[in-house]
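Notes follow once the structure below has been shown.
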Amino acid sequence: MAAGIDPVIVEIGPFAIRWYGVLMAVSIAWGFYYLRRDGMKLGYGEDFLYNAAALAVAGGIAGARLVYVATNWESYAASPLSILRVDQGGLSFHGAMAGGGLALGLYLKRKGYSLEELLDLVVPGICIGIALVRIGNLINGEVLGRPTGLDGWFDRHPAQLIGSSIGLVLLVVHNVLARRRPPAGYLFWSFVLYYSLLRGIVEETVRENPLYAWGYVNETWGIGFFTLTHLVTPLFVALGWAMRRRALALDRRPRGPRVPEGGRRP
């Protein structure tokens, strides 16, 4: 429990409604609102968007949980059934992106549509999800910041609030870039680039995560590196930068659903 808020809103027998699950559900609903609104403006069918969103969410949750459990197996080895308790927290952002992207990509490939434009449309939902789920982490008392020796300032970095703020900053950046009407894929890969930089340089440096390879911790300032996320951040930064360049190079206006030859819009 953090900030005096009980993580459980209400318990009904063996079931409990938790703030973490509610905030996740709100972020999914909010993200789908933007997906549906903007997708239909581009000519995508409502049923198609519902199916795409459902598959992306299911794949994202499965991927997020799989990666988190795999990298924190010691916490689940004694109680494998706890792996299913997603409502209690424990999701990997990178796993969510991989799982959701894979599920969405397979669906669009079967339908004969391009992935890039749909990825642009999910960015607002991802940003909102980052902001709200980090608040859920705060309520759960997880994703803790490193302790500091900064007397009179704070005993521990507010890593959850920093992470939540990153989501809001990325949403503003997305909205600014979207006004320029960039080519398909540019908005999503811009998100990957900027999120990787902010997560890797700011949030991850003050989070109390285990260190890999050569490690350094400054106990006064409460910073430490390198975590696993630190080590993979350069790869995601390079990927985001390269794919943004590719989107500009392959710009083929006008924008709209990529309809297969001889096919119809979903």
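Residues are named by chain letter and number: chains run A, B, ... in the order of the structure tokens, numbers start at 1 in each chain, and ligands are numbered from 1 in the order shown.
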
Select from stretch 172-217 of chain A every residue with an atom at most 12 Å from any atom of stretch 78-100 of chain A, then for each give the shortest pair of atoms and their distance in Å to one decimal, using only C-alpha atoms, rows by chain and rising number, as JSON lines.
```
{"residue": "A:Phe188", "atom": "CA", "partner": "A:Met97", "partner_atom": "CA", "distance": 11.2}
{"residue": "A:Trp189", "atom": "CA", "partner": "A:Met97", "partner_atom": "CA", "distance": 11.9}
{"residue": "A:Phe191", "atom": "CA", "partner": "A:Met97", "partner_atom": "CA", "distance": 11.6}
{"residue": "A:Val192", "atom": "CA", "partner": "A:Met97", "partner_atom": "CA", "distance": 9.7}
{"residue": "A:Tyr195", "atom": "CA", "partner": "A:Phe93", "partner_atom": "CA", "distance": 10.7}
{"residue": "A:Ser196", "atom": "CA", "partner": "A:His94", "partner_atom": "CA", "distance": 10.0}
{"residue": "A:Arg199", "atom": "CA", "partner": "A:Phe93", "partner_atom": "CA", "distance": 10.5}
```

From the DSSP assignment of the backbone, select every residue of stretch 47-247 of chain A that is alpha helix (DSSP H), and format the answer as a ChimeraX atom specification. /A:47-71,93-111,116-140,159-178,186-198,204-206,228-247

Could those residues be written to a file, using C-alpha atoms, as a short mmCIF file (atom, residue, chain, number, x, y, z; two decimals), in the first residue's frame?
```cif
data_model
loop_
_atom_site.label_atom_id
_atom_site.label_comp_id
_atom_site.auth_asym_id
_atom_site.auth_seq_id
_atom_site.Cartn_x
_atom_site.Cartn_y
_atom_site.Cartn_z
CA ASP A 47 -15.92 -4.14 -36.60
CA PHE A 48 -12.40 -4.30 -37.98
CA LEU A 49 -11.18 -1.83 -35.35
CA TYR A 50 -12.90 -3.74 -32.54
CA ASN A 51 -11.25 -6.99 -33.63
CA ALA A 52 -7.84 -5.38 -34.08
CA ALA A 53 -8.02 -3.73 -30.65
CA ALA A 54 -9.15 -6.92 -28.89
CA LEU A 55 -6.31 -8.96 -30.40
CA ALA A 56 -3.72 -6.28 -29.66
CA VAL A 57 -4.84 -6.01 -26.02
CA ALA A 58 -4.89 -9.78 -25.52
CA GLY A 59 -1.48 -10.19 -27.13
CA GLY A 60 -0.10 -7.23 -25.20
CA ILE A 61 -1.21 -8.52 -21.80
CA ALA A 62 0.07 -12.04 -22.57
CA GLY A 63 3.43 -10.72 -23.78
CA ALA A 64 3.77 -8.30 -20.87
CA ARG A 65 3.12 -11.00 -18.30
CA LEU A 66 5.34 -13.55 -20.02
CA VAL A 67 8.36 -11.28 -20.13
CA TYR A 68 7.84 -10.02 -16.57
CA VAL A 69 7.52 -13.52 -15.15
CA ALA A 70 10.51 -14.75 -17.14
CA THR A 71 12.72 -11.95 -15.77
CA PHE A 93 6.20 -2.75 -21.15
CA HIS A 94 8.57 -4.20 -23.73
CA GLY A 95 6.73 -7.52 -23.53
CA ALA A 96 3.41 -5.73 -24.05
CA MET A 97 4.71 -3.98 -27.14
CA ALA A 98 6.08 -7.21 -28.59
CA GLY A 99 3.00 -9.30 -27.82
CA GLY A 100 0.49 -6.68 -28.92
CA GLY A 101 2.44 -5.83 -32.06
CA LEU A 102 2.77 -9.49 -33.02
CA ALA A 103 -0.95 -10.22 -32.55
CA LEU A 104 -1.96 -7.08 -34.46
CA GLY A 105 0.56 -7.71 -37.23
CA LEU A 106 -0.63 -11.28 -37.82
CA TYR A 107 -4.25 -10.14 -37.97
CA LEU A 108 -3.52 -7.34 -40.44
CA LYS A 109 -1.37 -9.64 -42.59
CA ARG A 110 -4.27 -12.08 -42.83
CA LYS A 111 -6.56 -9.22 -43.81
CA GLU A 116 2.11 1.13 -39.90
CA GLU A 117 -1.02 3.27 -39.87
CA LEU A 118 -2.73 1.19 -37.18
CA LEU A 119 0.38 1.45 -35.01
CA ASP A 120 0.14 5.25 -35.24
CA LEU A 121 -3.45 5.10 -34.02
CA VAL A 122 -2.62 3.13 -30.86
CA VAL A 123 0.00 5.58 -29.57
CA PRO A 124 -2.44 7.76 -27.54
CA GLY A 125 -3.76 4.67 -25.76
CA ILE A 126 -0.26 3.46 -24.95
CA CYS A 127 0.69 6.87 -23.52
CA ILE A 128 -2.45 6.98 -21.38
CA GLY A 129 -1.76 3.41 -20.27
CA ILE A 130 1.75 4.31 -19.13
CA ALA A 131 0.44 7.27 -17.14
CA LEU A 132 -2.39 5.38 -15.43
CA VAL A 133 -0.70 2.03 -14.81
CA ARG A 134 2.21 3.76 -13.10
CA ILE A 135 -0.33 5.27 -10.70
CA GLY A 136 -1.54 1.71 -10.12
CA ASN A 137 2.06 0.73 -9.36
CA LEU A 138 2.19 3.56 -6.82
CA ILE A 139 -0.96 2.33 -5.08
CA ASN A 140 0.39 -1.24 -5.08
CA ALA A 159 9.81 6.41 -9.71
CA GLN A 160 6.09 5.71 -10.28
CA LEU A 161 5.26 9.42 -10.61
CA ILE A 162 8.24 9.92 -12.90
CA GLY A 163 7.04 7.07 -15.08
CA SER A 164 3.49 8.44 -15.11
CA SER A 165 4.77 11.87 -16.12
CA ILE A 166 6.69 10.30 -19.01
CA GLY A 167 3.41 8.93 -20.36
CA LEU A 168 1.83 12.40 -20.26
CA VAL A 169 4.87 14.02 -21.89
CA LEU A 170 4.79 11.45 -24.69
CA LEU A 171 1.07 12.11 -25.25
CA VAL A 172 1.79 15.83 -25.70
CA VAL A 173 4.69 15.05 -28.08
CA HIS A 174 2.43 12.73 -30.08
CA ASN A 175 -0.29 15.37 -30.40
CA VAL A 176 2.23 17.96 -31.59
CA LEU A 177 3.71 15.61 -34.19
CA ALA A 178 0.27 14.43 -35.33
CA TYR A 186 6.29 7.96 -38.12
CA LEU A 187 4.21 8.65 -35.01
CA PHE A 188 4.60 5.14 -33.60
CA TRP A 189 8.35 4.97 -34.15
CA SER A 190 8.73 8.48 -32.72
CA PHE A 191 7.00 7.16 -29.63
CA VAL A 192 9.40 4.19 -29.46
CA LEU A 193 12.38 6.54 -29.81
CA TYR A 194 11.33 9.09 -27.20
CA TYR A 195 9.95 6.56 -24.74
CA SER A 196 13.17 4.56 -24.89
CA LEU A 197 15.23 7.66 -24.22
CA LEU A 198 13.08 8.90 -21.33
CA GLU A 204 15.26 3.44 -15.15
CA THR A 205 18.23 5.21 -13.57
CA VAL A 206 16.26 5.94 -10.39
CA LEU A 228 18.56 -4.88 -18.18
CA THR A 229 16.47 -2.02 -19.57
CA HIS A 230 19.58 0.17 -19.71
CA LEU A 231 21.33 -2.49 -21.77
CA VAL A 232 18.54 -2.85 -24.35
CA THR A 233 17.73 0.87 -24.57
CA PRO A 234 20.35 1.65 -27.29
CA LEU A 235 18.79 -1.06 -29.48
CA PHE A 236 15.30 0.46 -29.18
CA VAL A 237 16.61 3.99 -29.71
CA ALA A 238 18.41 2.88 -32.88
CA LEU A 239 15.33 0.98 -34.07
CA GLY A 240 13.00 3.94 -33.47
CA TRP A 241 15.36 6.36 -35.23
CA ALA A 242 15.90 4.06 -38.22
CA MET A 243 12.20 3.27 -38.66
CA ARG A 244 11.29 6.97 -38.50
CA ARG A 245 13.74 7.60 -41.32
CA ARG A 246 12.27 4.68 -43.24
CA ALA A 247 8.74 6.06 -42.82
#
```

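The space separating atom CA of A:Asn209 from atom CA of A:Val26 comes to 27.3 Å.
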
As an exercise, work out the distance from atom CA of A:Ile5 to atom CA of A:Asp155 in Å and give it to one decimal place. 19.5 Å

Quick one, how far is atom CA of A:Gly141 from atom CA of A:Pro158?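 Separation of atom CA of A:Gly141 and atom CA of A:Pro158: 10.9 Å.
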